Structure formats: C-alpha cells, structure tokens
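Asks: mmCIF, C-alpha atoms and all ligand atoms, saved as work01.cif, coming up:
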```
data_data
#
loop_
_atom_site.group_PDB
_atom_site.id
_atom_site.type_symbol
_atom_site.label_atom_id
_atom_site.label_comp_id
_atom_site.auth_asym_id
_atom_site.auth_seq_id
_atom_site.Cartn_x
_atom_site.Cartn_y
_atom_site.Cartn_z
ATOM 1 C CA MET A 1 1.845 3.249 -2.428
ATOM 2 C CA SER A 2 -0.648 5.839 -3.679
ATOM 3 C CA MET A 3 -4.095 6.235 -2.177
ATOM 4 C CA ASP A 4 -6.181 6.648 -5.304
ATOM 5 C CA PHE A 5 -9.586 6.652 -3.610
ATOM 6 C CA PRO A 6 -11.250 9.260 -1.397
ATOM 7 C CA VAL A 7 -11.406 8.797 2.367
ATOM 8 C CA VAL A 8 -13.952 10.236 4.777
ATOM 9 C CA ILE A 9 -12.984 10.419 8.427
ATOM 10 C CA PHE A 10 -16.327 10.286 10.244
ATOM 11 C CA GLY A 11 -15.603 11.597 13.758
ATOM 12 C CA VAL A 12 -12.327 13.490 14.075
ATOM 13 C CA GLY A 13 -11.739 13.103 17.825
ATOM 14 C CA ASN A 14 -8.508 11.661 19.229
ATOM 15 C CA MET A 15 -8.337 8.617 16.972
ATOM 16 C CA GLY A 16 -9.999 10.004 13.841
ATOM 17 C CA ALA A 17 -7.728 13.056 13.799
ATOM 18 C CA ALA A 18 -4.658 10.883 14.404
ATOM 19 C CA ILE A 19 -5.566 8.598 11.491
ATOM 20 C CA ALA A 20 -6.146 11.634 9.253
ATOM 21 C CA ARG A 21 -2.710 13.046 10.152
ATOM 22 C CA CYS A 22 -0.977 9.710 9.424
ATOM 23 C CA LEU A 23 -2.735 9.487 6.057
ATOM 24 C CA ARG A 24 -1.889 13.065 5.123
ATOM 25 C CA ARG A 25 1.813 12.607 5.982
ATOM 26 C CA ALA A 26 1.973 9.507 3.780
ATOM 27 C CA HIS A 27 -0.251 10.839 0.971
ATOM 28 C CA PRO A 28 0.166 14.596 0.501
ATOM 29 C CA ASN A 29 -2.249 14.721 -2.454
ATOM 30 C CA ALA A 30 -4.943 12.313 -1.294
ATOM 31 C CA VAL A 31 -8.583 13.364 -0.985
ATOM 32 C CA ILE A 32 -9.428 13.258 2.750
ATOM 33 C CA TRP A 33 -12.722 14.669 3.936
ATOM 34 C CA GLY A 34 -13.709 15.137 7.549
ATOM 35 C CA VAL A 35 -17.129 15.008 9.230
ATOM 36 C CA ASP A 36 -17.693 15.812 12.894
ATOM 37 C CA ALA A 37 -20.439 17.175 15.113
ATOM 38 C CA ASP A 38 -17.896 19.752 16.273
ATOM 39 C CA GLN A 39 -17.011 22.077 13.374
ATOM 40 C CA ALA A 40 -14.135 23.617 15.344
ATOM 41 C CA LYS A 41 -12.261 20.282 15.179
ATOM 42 C CA ILE A 42 -12.729 20.123 11.409
ATOM 43 C CA ALA A 43 -11.627 23.753 11.013
ATOM 44 C CA ALA A 44 -8.452 23.107 13.039
ATOM 45 C CA LEU A 45 -7.531 20.098 10.884
ATOM 46 C CA GLU A 46 -8.311 22.080 7.739
ATOM 47 C CA ALA A 47 -5.992 24.857 8.927
ATOM 48 C CA GLU A 48 -3.280 22.208 9.477
ATOM 49 C CA GLY A 49 -3.723 21.042 5.876
ATOM 50 C CA VAL A 50 -4.781 17.556 7.033
ATOM 51 C CA LEU A 51 -8.294 17.347 5.553
ATOM 52 C CA VAL A 52 -11.135 19.362 4.085
ATOM 53 C CA ALA A 53 -14.630 19.599 5.536
ATOM 54 C CA ALA A 54 -17.055 17.349 3.667
ATOM 55 C CA LYS A 55 -19.729 19.420 1.899
ATOM 56 C CA SER A 56 -23.207 19.213 3.444
ATOM 57 C CA ASP A 57 -24.395 17.079 0.488
ATOM 58 C CA TRP A 58 -21.298 14.818 0.364
ATOM 59 C CA ARG A 59 -21.578 11.302 -1.061
ATOM 60 C CA LEU A 60 -19.008 8.571 -1.314
ATOM 61 C CA GLU A 61 -19.460 6.194 -4.247
ATOM 62 C CA ASP A 62 -16.167 4.346 -4.152
ATOM 63 C CA GLY A 63 -13.876 5.018 -1.225
ATOM 64 C CA ILE A 64 -13.440 4.337 2.482
ATOM 65 C CA VAL A 65 -15.263 5.826 5.451
ATOM 66 C CA VAL A 66 -13.252 5.567 8.638
ATOM 67 C CA LEU A 67 -15.938 5.319 11.304
ATOM 68 C CA SER A 68 -14.329 6.829 14.396
ATOM 69 C CA VAL A 69 -17.153 8.053 16.629
ATOM 70 C CA LYS A 70 -17.871 6.611 20.073
ATOM 71 C CA PRO A 71 -19.525 3.172 19.926
ATOM 72 C CA GLN A 72 -22.577 4.464 21.838
ATOM 73 C CA ILE A 73 -23.652 6.677 18.922
ATOM 74 C CA LEU A 74 -23.363 4.045 16.179
ATOM 75 C CA ASP A 75 -27.125 3.566 15.893
ATOM 76 C CA ALA A 76 -27.747 7.311 15.909
ATOM 77 C CA VAL A 77 -25.399 7.966 12.949
ATOM 78 C CA ALA A 78 -25.639 4.761 10.898
ATOM 79 C CA LYS A 79 -28.789 5.438 8.878
ATOM 80 C CA GLY A 80 -27.821 8.984 7.876
ATOM 81 C CA LEU A 81 -24.337 7.799 6.993
ATOM 82 C CA GLN A 82 -25.467 4.833 4.952
ATOM 83 C CA GLU A 83 -27.655 7.079 2.782
ATOM 84 C CA ARG A 84 -24.518 8.906 1.661
ATOM 85 C CA LEU A 85 -22.619 5.789 0.647
ATOM 86 C CA GLY A 86 -22.636 4.037 -2.716
ATOM 87 C CA LYS A 87 -22.377 0.255 -2.930
ATOM 88 C CA GLY A 88 -18.710 0.503 -3.935
ATOM 89 C CA SER A 89 -17.719 2.180 -0.698
ATOM 90 C CA THR A 90 -16.290 0.482 2.380
ATOM 91 C CA VAL A 91 -16.921 1.250 6.052
ATOM 92 C CA LEU A 92 -13.836 0.753 8.222
ATOM 93 C CA SER A 93 -14.836 0.743 11.878
ATOM 94 C CA ILE A 94 -12.439 1.395 14.749
ATOM 95 C CA LEU A 95 -15.294 1.163 17.283
ATOM 96 C CA ALA A 96 -14.046 -0.853 20.250
ATOM 97 C CA GLY A 97 -16.162 -3.920 20.947
ATOM 98 C CA VAL A 98 -18.702 -3.458 18.146
ATOM 99 C CA PRO A 99 -19.074 -6.825 16.363
ATOM 100 C CA LEU A 100 -19.128 -7.291 12.601
ATOM 101 C CA ALA A 101 -22.709 -8.555 12.807
ATOM 102 C CA ARG A 102 -23.852 -5.203 14.205
ATOM 103 C CA LEU A 103 -21.834 -3.279 11.645
ATOM 104 C CA ARG A 104 -23.229 -5.425 8.826
ATOM 105 C CA ALA A 105 -26.772 -4.845 10.093
ATOM 106 C CA ALA A 106 -26.117 -1.088 10.139
ATOM 107 C CA PHE A 107 -24.428 -0.892 6.715
ATOM 108 C CA GLY A 108 -26.058 -3.671 4.724
ATOM 109 C CA ALA A 109 -25.077 -2.585 1.239
ATOM 110 C CA GLN A 110 -21.430 -1.739 1.882
ATOM 111 C CA GLN A 111 -18.401 -3.831 2.754
ATOM 112 C CA VAL A 112 -17.650 -3.425 6.450
ATOM 113 C CA VAL A 113 -14.291 -3.942 8.105
ATOM 114 C CA ARG A 114 -13.702 -4.210 11.841
ATOM 115 C CA THR A 115 -10.363 -3.009 13.137
ATOM 116 C CA MET A 116 -8.820 -2.356 16.544
ATOM 117 C CA PRO A 117 -6.119 0.306 16.694
ATOM 118 C CA ASN A 118 -4.301 1.649 19.741
ATOM 119 C CA LEU A 119 -3.297 5.027 21.096
ATOM 120 C CA ALA A 120 0.268 4.975 19.697
ATOM 121 C CA LEU A 121 -1.273 5.441 16.272
ATOM 122 C CA THR A 122 -1.244 9.126 17.271
ATOM 123 C CA VAL A 123 2.484 9.171 16.463
ATOM 124 C CA GLY A 124 2.322 6.744 13.539
ATOM 125 C CA ALA A 125 3.547 3.870 15.751
ATOM 126 C CA GLY A 126 0.246 2.133 16.404
ATOM 127 C CA ALA A 127 -0.593 -1.566 16.514
ATOM 128 C CA THR A 128 -3.806 -2.253 14.621
ATOM 129 C CA ALA A 129 -5.591 -5.537 14.010
ATOM 130 C CA ILE A 130 -7.917 -6.084 11.054
ATOM 131 C CA ALA A 131 -10.600 -8.792 11.325
ATOM 132 C CA THR A 132 -10.374 -10.448 7.936
ATOM 133 C CA ASP A 133 -13.665 -12.393 8.131
ATOM 134 C CA GLY A 134 -15.552 -12.178 4.853
ATOM 135 C CA LEU A 135 -13.151 -9.704 3.227
ATOM 136 C CA SER A 136 -12.176 -10.091 -0.394
ATOM 137 C CA GLU A 137 -8.459 -9.953 -1.187
ATOM 138 C CA GLN A 138 -9.129 -6.728 -3.101
ATOM 139 C CA ILE A 139 -10.673 -4.923 -0.113
ATOM 140 C CA LEU A 140 -8.062 -6.340 2.234
ATOM 141 C CA ALA A 141 -5.262 -4.964 0.040
ATOM 142 C CA LYS A 142 -6.940 -1.557 0.081
ATOM 143 C CA ILE A 143 -7.285 -1.612 3.883
ATOM 144 C CA ARG A 144 -3.686 -2.763 4.401
ATOM 145 C CA GLY A 145 -2.507 0.147 2.237
ATOM 146 C CA LEU A 146 -4.743 2.597 4.067
ATOM 147 C CA LEU A 147 -3.533 1.556 7.522
ATOM 148 C CA ALA A 148 0.166 1.087 6.674
ATOM 149 C CA PRO A 149 1.129 4.698 7.607
ATOM 150 C CA THR A 150 -0.425 4.260 11.075
ATOM 151 C CA GLY A 151 2.135 1.672 12.266
ATOM 152 C CA GLU A 152 2.080 -2.124 12.634
ATOM 153 C CA VAL A 153 -0.935 -3.874 11.100
ATOM 154 C CA VAL A 154 -1.846 -7.512 11.805
ATOM 155 C CA GLU A 155 -4.623 -9.691 10.411
ATOM 156 C CA VAL A 156 -6.768 -11.801 12.733
ATOM 157 C CA THR A 157 -10.180 -13.422 12.821
ATOM 158 C CA GLU A 158 -12.996 -11.603 14.561
ATOM 159 C CA SER A 159 -12.962 -14.258 17.297
ATOM 160 C CA GLN A 160 -9.453 -13.024 18.214
ATOM 161 C CA MET A 161 -10.504 -9.384 18.555
ATOM 162 C CA ASP A 162 -11.152 -9.566 22.310
ATOM 163 C CA ALA A 163 -7.606 -10.844 22.853
ATOM 164 C CA VAL A 164 -6.285 -8.077 20.595
ATOM 165 C CA THR A 165 -8.165 -5.595 22.773
ATOM 166 C CA GLY A 166 -6.615 -7.150 25.893
ATOM 167 C CA LEU A 167 -3.082 -7.008 24.489
ATOM 168 C CA SER A 168 -2.493 -4.104 22.101
ATOM 169 C CA GLY A 169 -5.694 -2.126 22.688
ATOM 170 C CA SER A 170 -5.150 -1.807 26.433
ATOM 171 C CA GLY A 171 -1.386 -2.399 26.154
ATOM 172 C CA PRO A 172 -0.235 1.242 26.077
ATOM 173 C CA ALA A 173 -1.632 1.616 29.619
ATOM 174 C CA TYR A 174 0.382 -1.387 30.854
ATOM 175 C CA VAL A 175 3.563 -0.095 29.238
ATOM 176 C CA LEU A 176 3.037 3.352 30.748
ATOM 177 C CA LYS A 177 2.534 1.708 34.143
ATOM 178 C CA PHE A 178 5.835 -0.153 33.660
ATOM 179 C CA LEU A 179 7.595 3.114 32.711
ATOM 180 C CA MET A 180 6.188 4.809 35.807
ATOM 181 C CA SER A 181 7.319 1.876 37.970
ATOM 182 C CA LEU A 182 10.858 2.047 36.573
ATOM 183 C CA GLU A 183 10.922 5.755 37.357
ATOM 184 C CA GLU A 184 9.650 5.117 40.898
ATOM 185 C CA GLY A 185 12.306 2.439 41.380
ATOM 186 C CA GLY A 186 15.015 4.864 40.280
ATOM 187 C CA VAL A 187 13.756 7.448 42.764
ATOM 188 C CA LEU A 188 13.624 4.795 45.494
ATOM 189 C CA ALA A 189 17.247 3.945 44.733
ATOM 190 C CA GLY A 190 18.254 7.602 45.075
ATOM 191 C CA LEU A 191 18.068 9.128 41.582
ATOM 192 C CA PRO A 192 16.526 12.562 40.993
ATOM 193 C CA ARG A 193 13.113 12.065 39.358
ATOM 194 C CA PRO A 194 13.957 13.781 36.025
ATOM 195 C CA VAL A 195 17.036 11.584 35.670
ATOM 196 C CA ALA A 196 15.047 8.442 36.530
ATOM 197 C CA HIS A 197 12.385 9.522 34.023
ATOM 198 C CA ARG A 198 14.855 9.940 31.143
ATOM 199 C CA LEU A 199 16.612 6.675 31.928
ATOM 200 C CA ALA A 200 13.308 4.785 32.117
ATOM 201 C CA VAL A 201 12.138 6.064 28.710
ATOM 202 C CA ALA A 202 15.510 5.469 27.022
ATOM 203 C CA THR A 203 15.753 1.961 28.503
ATOM 204 C CA VAL A 204 12.350 0.863 27.238
ATOM 205 C CA ALA A 205 12.683 2.572 23.831
ATOM 206 C CA GLY A 206 16.256 1.311 23.379
ATOM 207 C CA THR A 207 15.419 -2.265 24.334
ATOM 208 C CA VAL A 208 12.500 -2.361 21.897
ATOM 209 C CA GLN A 209 14.762 -1.002 19.148
ATOM 210 C CA LEU A 210 17.478 -3.545 20.033
ATOM 211 C CA ALA A 211 15.022 -6.438 19.884
ATOM 212 C CA GLN A 212 13.557 -5.222 16.585
ATOM 213 C CA GLU A 213 16.816 -4.429 14.819
ATOM 214 C CA THR A 214 18.722 -7.555 15.857
ATOM 215 C CA GLY A 215 15.735 -9.876 15.496
ATOM 216 C CA ALA A 216 17.348 -11.947 18.283
ATOM 217 C CA GLU A 217 15.311 -14.165 20.610
ATOM 218 C CA TRP A 218 14.115 -12.026 23.511
ATOM 219 C CA ASP A 219 15.378 -14.534 26.051
ATOM 220 C CA ALA A 220 18.830 -14.664 24.413
ATOM 221 C CA LEU A 221 19.125 -10.869 24.637
ATOM 222 C CA ARG A 222 18.012 -10.999 28.262
ATOM 223 C CA GLY A 223 20.706 -13.612 28.898
ATOM 224 C CA GLN A 224 23.368 -11.198 27.593
ATOM 225 C CA VAL A 225 22.736 -8.815 30.509
ATOM 226 C CA THR A 226 22.138 -11.499 33.142
ATOM 227 C CA SER A 227 25.514 -12.661 34.419
ATOM 228 C CA PRO A 228 25.648 -15.355 37.121
ATOM 229 C CA GLY A 229 25.321 -13.872 40.588
ATOM 230 C CA GLY A 230 25.117 -10.357 39.096
ATOM 231 C CA THR A 231 22.823 -7.397 39.590
ATOM 232 C CA THR A 232 20.263 -8.223 36.884
ATOM 233 C CA ILE A 233 19.487 -11.748 38.094
ATOM 234 C CA HIS A 234 18.789 -10.276 41.534
ATOM 235 C CA GLY A 235 16.447 -7.736 39.927
ATOM 236 C CA LEU A 236 14.711 -10.454 37.916
ATOM 237 C CA ARG A 237 14.191 -12.587 41.015
ATOM 238 C CA ALA A 238 12.544 -9.607 42.731
ATOM 239 C CA LEU A 239 10.281 -9.126 39.695
ATOM 240 C CA GLU A 240 9.162 -12.748 39.809
ATOM 241 C CA GLU A 241 8.697 -12.675 43.588
ATOM 242 C CA GLY A 242 6.256 -9.849 42.864
ATOM 243 C CA GLY A 243 4.503 -12.063 40.320
ATOM 244 C CA PHE A 244 5.541 -9.982 37.320
ATOM 245 C CA THR A 245 4.924 -12.521 34.531
ATOM 246 C CA ALA A 246 1.634 -13.665 36.050
ATOM 247 C CA SER A 247 0.562 -10.040 36.576
ATOM 248 C CA VAL A 248 1.158 -9.012 32.976
ATOM 249 C CA MET A 249 -0.425 -12.184 31.596
ATOM 250 C CA GLY A 250 -3.309 -11.636 34.017
ATOM 251 C CA ALA A 251 -3.767 -8.070 32.777
ATOM 252 C CA VAL A 252 -4.122 -9.213 29.166
ATOM 253 C CA TRP A 253 -6.464 -11.991 30.280
ATOM 254 C CA ALA A 254 -8.646 -9.709 32.440
ATOM 255 C CA ALA A 255 -8.953 -7.072 29.720
ATOM 256 C CA THR A 256 -9.822 -9.789 27.179
ATOM 257 C CA GLU A 257 -12.553 -11.149 29.459
ATOM 258 C CA ARG A 258 -13.936 -7.648 30.015
ATOM 259 C CA SER A 259 -13.965 -7.053 26.259
ATOM 260 C CA LYS A 260 -15.975 -10.269 25.787
ATOM 261 C CA GLU A 261 -18.371 -9.179 28.527
ATOM 262 C CA LEU A 262 -18.884 -5.742 26.943
ATOM 263 C CA GLY A 263 -19.449 -7.358 23.532
ATOM 264 C CA ARG A 264 -22.334 -9.389 25.002
ATOM 265 C CA SER A 265 -24.075 -6.374 26.589
HETATM 266 N N1 LIG B 301 -8.795 6.157 22.248
HETATM 267 C C1 LIG B 301 -8.286 4.929 22.069
HETATM 268 O O1 LIG B 301 -7.220 4.572 22.569
HETATM 269 C C2 LIG B 301 -9.015 3.938 21.191
HETATM 270 C C3 LIG B 301 -8.424 2.701 20.887
HETATM 271 C C4 LIG B 301 -9.101 1.826 20.040
HETATM 272 C C5 LIG B 301 -10.341 2.172 19.538
HETATM 273 N N2 LIG B 301 -10.912 3.378 19.869
HETATM 274 C C6 LIG B 301 -12.230 3.707 19.319
HETATM 275 O O2 LIG B 301 -12.102 4.898 18.581
HETATM 276 C C7 LIG B 301 -13.348 5.570 18.553
HETATM 277 C C8 LIG B 301 -13.136 7.042 18.781
HETATM 278 O O3 LIG B 301 -12.517 7.234 20.051
HETATM 279 P P1 LIG B 301 -11.915 8.647 20.429
HETATM 280 O O4 LIG B 301 -11.153 8.465 21.687
HETATM 281 O O5 LIG B 301 -11.232 9.231 19.240
HETATM 282 O O6 LIG B 301 -13.302 9.457 20.717
HETATM 283 P P2 LIG B 301 -13.589 11.005 20.621
HETATM 284 O O7 LIG B 301 -12.334 11.789 20.841
HETATM 285 O O8 LIG B 301 -14.795 11.294 21.454
HETATM 286 O O9 LIG B 301 -13.980 11.193 19.074
HETATM 287 C C9 LIG B 301 -15.261 10.995 18.549
HETATM 288 C C10 LIG B 301 -15.595 12.209 17.681
HETATM 289 O O10 LIG B 301 -16.877 12.009 17.051
HETATM 290 C C11 LIG B 301 -17.598 13.227 17.150
HETATM 291 N N3 LIG B 301 -19.050 13.039 16.995
HETATM 292 C C12 LIG B 301 -19.987 12.907 17.968
HETATM 293 N N4 LIG B 301 -21.209 12.784 17.402
HETATM 294 C C13 LIG B 301 -21.038 12.834 16.066
HETATM 295 C C14 LIG B 301 -21.913 12.750 14.956
HETATM 296 N N5 LIG B 301 -23.236 12.592 15.134
HETATM 297 N N6 LIG B 301 -21.414 12.853 13.719
HETATM 298 C C15 LIG B 301 -20.080 13.011 13.538
HETATM 299 N N7 LIG B 301 -19.198 13.091 14.556
HETATM 300 C C16 LIG B 301 -19.670 12.990 15.798
HETATM 301 C C17 LIG B 301 -17.230 13.740 18.506
HETATM 302 O O11 LIG B 301 -17.561 15.093 18.635
HETATM 303 P P3 LIG B 301 -17.923 15.654 20.128
HETATM 304 O O12 LIG B 301 -16.670 15.563 20.923
HETATM 305 O O13 LIG B 301 -18.393 17.036 19.860
HETATM 306 O O14 LIG B 301 -19.006 14.742 20.657
HETATM 307 C C18 LIG B 301 -15.713 13.502 18.495
HETATM 308 O O15 LIG B 301 -15.038 14.542 17.826
HETATM 309 C C19 LIG B 301 -14.219 4.905 19.608
HETATM 310 O O16 LIG B 301 -15.232 4.143 18.958
HETATM 311 C C20 LIG B 301 -13.286 4.001 20.367
HETATM 312 O O17 LIG B 301 -13.929 2.805 20.759
HETATM 313 C C21 LIG B 301 -10.274 4.248 20.670
#
```
Kindly present the structure from the file in structure tokens form.

Replies:
Amino acid sequence: MSMDFPVVIFGVGNMGAAIARCLRRAHPNAVIWGVDADQAKIAALEAEGVLVAAKSDWRLEDGIVVLSVKPQILDAVAKGLQERLGKGSTVLSILAGVPLARLRAAFGAQQVVRTMPNLALTVGAGATAIATDGLSEQILAKIRGLLAPTGEVVEVTESQMDAVTGLSGSGPAYVLKFLMSLEEGGVLAGLPRPVAHRLAVATVAGTVQLAQETGAEWDALRGQVTSPGGTTIHGLRALEEGGFTASVMGAVWAATERSKELGRS
C-alpha cells in the first residue's frame, strides 16, 4: 500500500523515531518530515535517510501529524502546532492517557485520532490500538495503512483504552519479567546464565511463533507437552501454587486501574 500523503513526526524521541523508521522501511519514497526540540535527533534521523527536517515555516494541509511528545507538554505545543495545520490534516496522538476530549479541545479544526502503541513497535512488532470513536471510514483506512508497518493494529472504543494500556501498553514489561524469571529458574536448576538466557528467549519466541503459525487453541498446544505425571504438569502446579494466573491477570487489572486514575487527574 502506498502512502500518498505527507507525514510529520512531531517529537522524534523513542517512539516517534521508531514510528518514522517503520514508515521509511515500508515506504522508501514517502514524504516524512520530523520536528523536535532537539535538532541533533532530527539530524541523526536525516543522516539515516529516515526523514527530513521540517522547514521552519512548514505547513500541513492534507496529511498526518504523529504527535509523539510527552503528554505533559501537550498544552505547550498544541496552539503552535494547530496554526500549521490545514483542515484536511489529521492529528494522530500516541500520548498515553490523554483522552480524545482533550485532544479535540486542543485541535478543534482537525480530525484527531487516539492510539496506544507499545515498545515493540521499535522493531516493527508492536501492538497498537486505535480508538475508533467518531472516525470516518476514510480516515480510519488511512490510519490503518499508516500503522500497518509498525506491527499488529487493533480497533477499540476509547472506553477500552485503559484496558489496552494495562495489557499491551504495559505488557512488554510483564513479558520481560517472565523472561528474566525463566532465566533465573534455569540458573537455579544449574544452567550457566548465558545458556539459560538463550533458552529462555528461544522458548518464548518459539512458542509464540508456534501458536501463531498453527492457529491451534493455546490450551490444546499446552496439553501436547503436558503428559500425565510428567515434568511439565509438576512445573505448572508450581506456577499455580505461586498464583501465576491471578498474578498476571492482577497485573493487567492494576495497570488498567492506574491508567483510569491518571486519566482523571
Ligand atoms: N515509550 C513507550 O513505551 C510508550 C508507549 C505508549 C505510548 N507512549 C507515548 O509516546 C510519547 C513519546 O514517548 P517517548 O518515550 O518517545 O518520549 P521521548 O523519548 O521523551 O520523546 C519525546 C520527544 O519530543 C521532544 N520534544 C520536547 N519538547 C518538544 C517540543 N516543544 N516540540 C517538539 N518536540 C519536543 C523531546 O525532545 P527532548 O528530549 O529534547 O525534550 C523528545 O525527543 C509519550 O506521549 C508517551 O506517553 C510511549
């Protein structure tokens, strides 16, 4: 799919730069401009061939601005940014916890889209949710196309965004914790740490690939390695004695509640 509209990445920190790189890989000839308070970041991405610095008098009549600054500076940048945007342009926000109502108040004349990506977008394997509230099918199609090179994209209502934050937004931290725990377990059982590390990564990556490629029910796959009285069922019992399922569910729940709390403040 071609990207036949210009894109401005406003804030090229961790996430903004990662989005720009995904877009450039997928669309070698697309027009991607970058804006950042730190010119060194723009220069580095220019040198990489990812984007070009927006001119000081840049305007966007019909394209997408990816708003990727920290949420705390939204109010400070919104007015100046809005003055550069034509009515045909769209503001795509990745600002964690900033509601559509606030975005709409800040960018009255433009279409605004609230999304929630995660850190794995850095390698083009992200999980991003788009809040579809109030979006026309035309804008939605444009946003789906824009985000496709960043990884998995799901559509939700804004009311589901806190749960998205609790699951996929915070999720990379839970998965990393699980990887670290597998490694620790391997060391506990006598493996050298580098060996435990490689086995932990390959086990998680391989199991995800297996589940995706076979499309089998997760519990059926689990059953294939859980023979009666065998090693795995003993391991699973230990996991549940430690409250594994409740812990992971509780993590998603707690992060969701915290996201709601932050949204109210
Ligand atoms: N990191 C995640 O996993 C994650 C996940 C989901 C959503 N998000 C959201 O993504 C957004 C960006 O996060 P991040 O981790 O990429 O932050 P970040 O690395 O701090 O990036 C923000 C960038 O904006 C620049 N900036 C500051 N003031 C500016 C201004 N007035 N005009 C233009 N650019 C300005 C910053 O420059 P300086 O460094 O010089 O200030 C920085 O390069 C946040 O809103 C966050 O909620 C992040």

Asks: Compile the contact shell of Lys70 in chain A as a PyMOL selection string: residues with an atom at most 9 Å away, counting all atoms listed in the file, same-chain residues fewer than 6 positions apart removed.

Replies: chain A and resi 11+95-96

Asks: Mind listing the residues within 10 Å of ligand LIG 301 (chain B), all atoms listed in the file counted, as a PyMOL selection string?

Replies: chain A and resi 9-19+34-42+66-78+80-81+93-98+115-122+126-128+165+168-173

Asks: Go through range 75-171 of chain A and flag each residue having an atom no more than 10 Å from range 24-31 of chain A; for those, report the closest pair of atoms plus their distance in Å to one decimal, using only C-alpha atoms, ordered by chain and rising number, as a Markdown table.

Replies:
```
| residue | atom | partner | partner_atom | distance |
| --- | --- | --- | --- | --- |
| A:Gly124 | CA | A:Arg25 | CA | 9.6 |
| A:Leu146 | CA | A:Ala26 | CA | 9.6 |
| A:Ala148 | CA | A:Ala26 | CA | 9.1 |
| A:Pro149 | CA | A:Ala26 | CA | 6.2 |
| A:Thr150 | CA | A:Ala26 | CA | 9.3 |
```

Asks: Provide the CA of Leu60 in chain A to CA of Met3 in chain A distance in Å, to one decimal place.

Replies: 15.1 Å

Asks: Can you work out the spacing between CA of Leu23 in chain A and CA of Ala53 in chain A in Å, to one decimal?

Replies: 15.6 Å

Asks: When you count only C-alpha atoms, which of these residues is closest to Arg258 in chain A: A:Leu140, A:Ala163, A:Val123, A:Ile64?

Replies: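 Using only C-alpha atoms, Arg258 in chain A sits closest to A:Ala163.
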
Asks: What is the CA of Leu85 in chain A to CA of Gln110 in chain A distance in Å?

Replies: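 Spanning CA of Leu85 in chain A to CA of Gln110 in chain A is a straight-line distance of 7.7 Å.
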
Asks: Would you pull range 106-170 of chain A out of the block just shown and save C-alpha atoms as an mmCIF file, in the first residue's frame?

Replies:
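Writing done, so here's part_23.cif:
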```cif
data_model
loop_
_atom_site.group_PDB
_atom_site.id
_atom_site.type_symbol
_atom_site.label_atom_id
_atom_site.label_comp_id
_atom_site.auth_asym_id
_atom_site.auth_seq_id
_atom_site.Cartn_x
_atom_site.Cartn_y
_atom_site.Cartn_z
ATOM 1 C CA ALA A 106 -6.589 21.263 21.519
ATOM 2 C CA PHE A 107 -7.061 20.615 17.781
ATOM 3 C CA GLY A 108 -10.608 21.748 17.090
ATOM 4 C CA ALA A 109 -10.437 22.041 13.326
ATOM 5 C CA GLN A 110 -8.626 18.791 12.558
ATOM 6 C CA GLN A 111 -9.604 15.148 12.852
ATOM 7 C CA VAL A 112 -7.935 13.673 15.922
ATOM 8 C CA VAL A 113 -7.144 10.018 16.481
ATOM 9 C CA ARG A 114 -6.124 8.474 19.790
ATOM 10 C CA THR A 115 -3.856 5.456 19.642
ATOM 11 C CA MET A 116 -1.866 3.399 22.137
ATOM 12 C CA PRO A 117 1.259 1.700 20.815
ATOM 13 C CA ASN A 118 3.842 -0.308 22.736
ATOM 14 C CA LEU A 119 7.607 -0.525 22.909
ATOM 15 C CA ALA A 120 7.949 -3.473 20.487
ATOM 16 C CA LEU A 121 6.989 -1.069 17.726
ATOM 17 C CA THR A 122 10.707 -0.207 17.817
ATOM 18 C CA VAL A 123 11.356 -3.420 15.864
ATOM 19 C CA GLY A 124 8.186 -3.298 13.766
ATOM 20 C CA ALA A 125 6.479 -5.853 16.047
ATOM 21 C CA GLY A 126 4.316 -3.515 18.096
ATOM 22 C CA ALA A 127 0.736 -3.910 19.290
ATOM 23 C CA THR A 128 -1.209 -0.702 18.733
ATOM 24 C CA ALA A 129 -4.840 0.078 19.474
ATOM 25 C CA ILE A 130 -6.775 2.775 17.623
ATOM 26 C CA ALA A 131 -9.810 4.340 19.338
ATOM 27 C CA THR A 132 -12.319 4.458 16.515
ATOM 28 C CA ASP A 133 -14.811 6.836 18.184
ATOM 29 C CA GLY A 134 -16.038 9.443 15.726
ATOM 30 C CA LEU A 135 -13.694 8.399 12.907
ATOM 31 C CA SER A 136 -14.928 8.277 9.346
ATOM 32 C CA GLU A 137 -14.191 5.099 7.391
ATOM 33 C CA GLN A 138 -11.942 7.179 5.127
ATOM 34 C CA ILE A 139 -9.719 8.418 7.972
ATOM 35 C CA LEU A 140 -9.720 5.003 9.608
ATOM 36 C CA ALA A 141 -8.473 3.395 6.384
ATOM 37 C CA LYS A 142 -5.693 5.975 6.203
ATOM 38 C CA ILE A 143 -4.668 5.339 9.825
ATOM 39 C CA ARG A 144 -4.754 1.549 9.401
ATOM 40 C CA GLY A 145 -2.449 1.895 6.383
ATOM 41 C CA LEU A 146 -0.138 4.253 8.240
ATOM 42 C CA LEU A 147 0.224 1.969 11.263
ATOM 43 C CA ALA A 148 0.377 -1.366 9.398
ATOM 44 C CA PRO A 149 4.221 -1.369 9.144
ATOM 45 C CA THR A 150 4.513 -0.931 12.934
ATOM 46 C CA GLY A 151 3.066 -4.373 13.783
ATOM 47 C CA GLU A 152 -0.347 -5.582 14.983
ATOM 48 C CA VAL A 153 -3.120 -2.972 14.929
ATOM 49 C CA VAL A 154 -6.480 -3.428 16.681
ATOM 50 C CA GLU A 155 -9.553 -1.204 16.775
ATOM 51 C CA VAL A 156 -11.291 -0.455 20.071
ATOM 52 C CA THR A 157 -13.543 2.160 21.610
ATOM 53 C CA GLU A 158 -11.976 4.879 23.712
ATOM 54 C CA SER A 159 -13.594 3.356 26.810
ATOM 55 C CA GLN A 160 -11.372 0.285 26.251
ATOM 56 C CA MET A 161 -8.142 2.287 26.093
ATOM 57 C CA ASP A 162 -7.319 1.902 29.798
ATOM 58 C CA ALA A 163 -7.526 -1.884 29.443
ATOM 59 C CA VAL A 164 -5.350 -1.690 26.324
ATOM 60 C CA THR A 165 -2.823 0.265 28.381
ATOM 61 C CA GLY A 166 -2.961 -2.407 31.101
ATOM 62 C CA LEU A 167 -2.448 -5.264 28.641
ATOM 63 C CA SER A 168 -0.351 -4.323 25.608
ATOM 64 C CA GLY A 169 0.925 -0.917 26.737
ATOM 65 C CA SER A 170 2.481 -2.241 29.938
#
```
